[in-house]
Amino acid sequence: MRRRFIPINVIIIAGLLVLLSLGPDQYKPPKEVMGRGKTLFERECMLCHQPESPDKEAALHPTAQWVFGTKKKLIKAVLNGLPDSAQMNENTQGNLMPSFQHLNDEQVSDVLTYIRNSFDNKAVAITPAEVKKVRALNARKAKKK
Ligand code: HEC
């Protein structure tokens with residue numbers, strides 16, 4: 001009898017180990033996405049968002065308010081820009097974040113996936129389809145006015 005339990009225990013432990021090792025990987029976006037996101041970030045965002053900044057929002061630090069909020073809120077922030085609140089550095093004129101409507105769905109998803117997985121951040125990727133959806137919602141709202 002006793003012998004039978006040993007293999008079952010081993011199987012359970014092996015299974016748990018496999019699950020554990022899969023855990024962190026599911027957050028790992030493809031290299032191409034991170035590469036494109038980094039280029040975009042350096043071109044479009046780094047003027048104001050410097051990763052070494054002591055301001056957690058300017059650094060897009062894990063504790064910044066929006067990086068890990070709902071995806072919709074984050075996508076909207078980049079598509080529409082943000083009103084003033086915090087002085088981040090001398091480049092943030094009037095503390096405003098400009099709109100990035102001109103970036104296409106893939107560019108927005110790439111750069112957001114990049115910030116969600118850089119600077120000690122770790123979060124699931126944003127897809128172009130998710131950006132498209134928020135953009136469509138925005139357009140519908142604008143029509144209503
Ligand atoms: C001209 C300066 C400027 C540029 C360029 C800029 N931002 Fe911002 N960003 C800001 C300011 C200012 C805030 C804070 C606004 C507030 O708190 O009301 C902000 C806030 C944010 C936040 C919310 C931070 C948080 O969690 O509280 C995110 C996310 C963000 N920016 C992403 C981006 C991305 C991605 C880009 C590039 C595509 C970008 N920003 C480019 C100025 C900028």
# chains A, B, ... in the order shown; residues from 1 in each chain; ligands from 1
>>> residues_around(residues="range 107-117 of chain A", least_positions_apart="6", cutoff="7 Å", atoms="only C-alpha atoms", output="list in words")
Val33, Met34, Arg36, Gly37, Lys38, Leu40, Phe41, Val67, Ala123, Ala125, Ile126, Thr127, Pro128 and Val131 of chain A
>>> write_last_selection(atoms="N, CA, C and O atoms", output="short mmCIF file (atom, residue, chain, number, x, y, z; two decimals), in the first residue's frame")
data_model
loop_
_atom_site.label_atom_id
_atom_site.label_comp_id
_atom_site.auth_asym_id
_atom_site.auth_seq_id
_atom_site.Cartn_x
_atom_site.Cartn_y
_atom_site.Cartn_z
N VAL A 33 8.20 42.76 -29.55
CA VAL A 33 7.30 43.77 -28.97
C VAL A 33 8.09 44.67 -28.02
O VAL A 33 7.98 45.90 -28.08
N MET A 34 8.91 44.06 -27.17
CA MET A 34 9.69 44.85 -26.22
C MET A 34 10.68 45.75 -26.95
O MET A 34 10.91 46.89 -26.55
N ARG A 36 10.38 47.03 -30.08
CA ARG A 36 9.66 48.15 -30.70
C ARG A 36 9.18 49.12 -29.63
O ARG A 36 9.23 50.34 -29.80
N GLY A 37 8.71 48.56 -28.51
CA GLY A 37 8.22 49.40 -27.41
C GLY A 37 9.32 50.29 -26.86
O GLY A 37 9.09 51.46 -26.57
N LYS A 38 10.50 49.74 -26.74
CA LYS A 38 11.64 50.51 -26.18
C LYS A 38 11.99 51.68 -27.09
O LYS A 38 12.18 52.80 -26.64
N LEU A 40 10.05 53.18 -29.25
CA LEU A 40 8.98 54.16 -29.16
C LEU A 40 9.07 54.95 -27.85
O LEU A 40 8.91 56.16 -27.84
N PHE A 41 9.32 54.23 -26.78
CA PHE A 41 9.39 54.89 -25.47
C PHE A 41 10.49 55.95 -25.48
O PHE A 41 10.28 57.07 -25.03
N VAL A 67 -0.23 52.54 -14.19
CA VAL A 67 0.44 51.50 -14.96
C VAL A 67 -0.25 50.14 -14.76
O VAL A 67 -0.40 49.36 -15.69
N ALA A 123 3.60 42.92 -15.90
CA ALA A 123 2.16 42.82 -16.09
C ALA A 123 1.86 42.30 -17.49
O ALA A 123 2.69 42.46 -18.40
N ALA A 125 0.67 41.76 -21.25
CA ALA A 125 0.78 42.65 -22.39
C ALA A 125 -0.56 43.30 -22.71
O ALA A 125 -1.61 42.80 -22.37
N ILE A 126 -0.49 44.44 -23.39
CA ILE A 126 -1.67 45.10 -23.97
C ILE A 126 -1.65 44.74 -25.45
O ILE A 126 -0.59 44.78 -26.08
N THR A 127 -2.79 44.39 -26.00
CA THR A 127 -2.82 43.99 -27.41
C THR A 127 -3.34 45.13 -28.29
O THR A 127 -4.07 46.00 -27.81
N PRO A 128 -2.97 45.12 -29.60
CA PRO A 128 -3.50 46.14 -30.51
C PRO A 128 -5.03 46.14 -30.51
O PRO A 128 -5.65 47.20 -30.62
N VAL A 131 -6.35 48.27 -27.78
CA VAL A 131 -6.20 49.70 -28.07
C VAL A 131 -7.29 50.14 -29.05
O VAL A 131 -7.93 51.18 -28.89
#
>>> closest_residue(among="A:Leu103, A:Met46, A:Leu82, A:Ile75", to="Asn138 in chain A", atoms="only C-alpha atoms")
A:Ile75
>>> closest_residue(among="A:Val124, A:Ala129, A:Val134, A:Leu60", to="ligand 1", atoms="only C-alpha atoms and all ligand atoms")
A:Leu60
>>> residues_around(residues="Gln50 in chain A", least_positions_apart="4", cutoff="10 Å", atoms="only C-alpha atoms", output="VMD selection string")
chain A and resid 42 45 to 46 54 to 60 88 to 89
>>> atom_distance(atom1="atom 19 (C, counted along the ligand's line) of ligand 1", atom2="CA of Ser118 in chain A")
16.4 Å
>>> closest_residue(among="A:Lys76, A:Gly35, A:Phe119, A:Arg135", to="ligand 1", atoms="only C-alpha atoms and all ligand atoms")
A:Lys76
>>> closest_residue(among="A:Leu79, A:Ile12, A:Ala139, A:Met97", to="ligand 1", atoms="only C-alpha atoms and all ligand atoms")
A:Met97
>>> closest_residue(among="A:Gly81, A:Lys72, A:Glu32, A:Asn9", to="ligand 1", atoms="only C-alpha atoms and all ligand atoms")
A:Gly81
>>> atom_distance(atom1="atom 12 (C, counted along the ligand's line) of ligand 1", atom2="CA of Leu137 in chain A")
23.8 Å
>>> atom_distance(atom1="CA of Ala136 in chain A", atom2="CA of Lys73 in chain A")
14.1 Å
>>> closest_residue(among="A:Arg140, A:Lys122, A:Pro98, A:Glu130", to="Pro29 in chain A", atoms="only C-alpha atoms")
A:Lys122
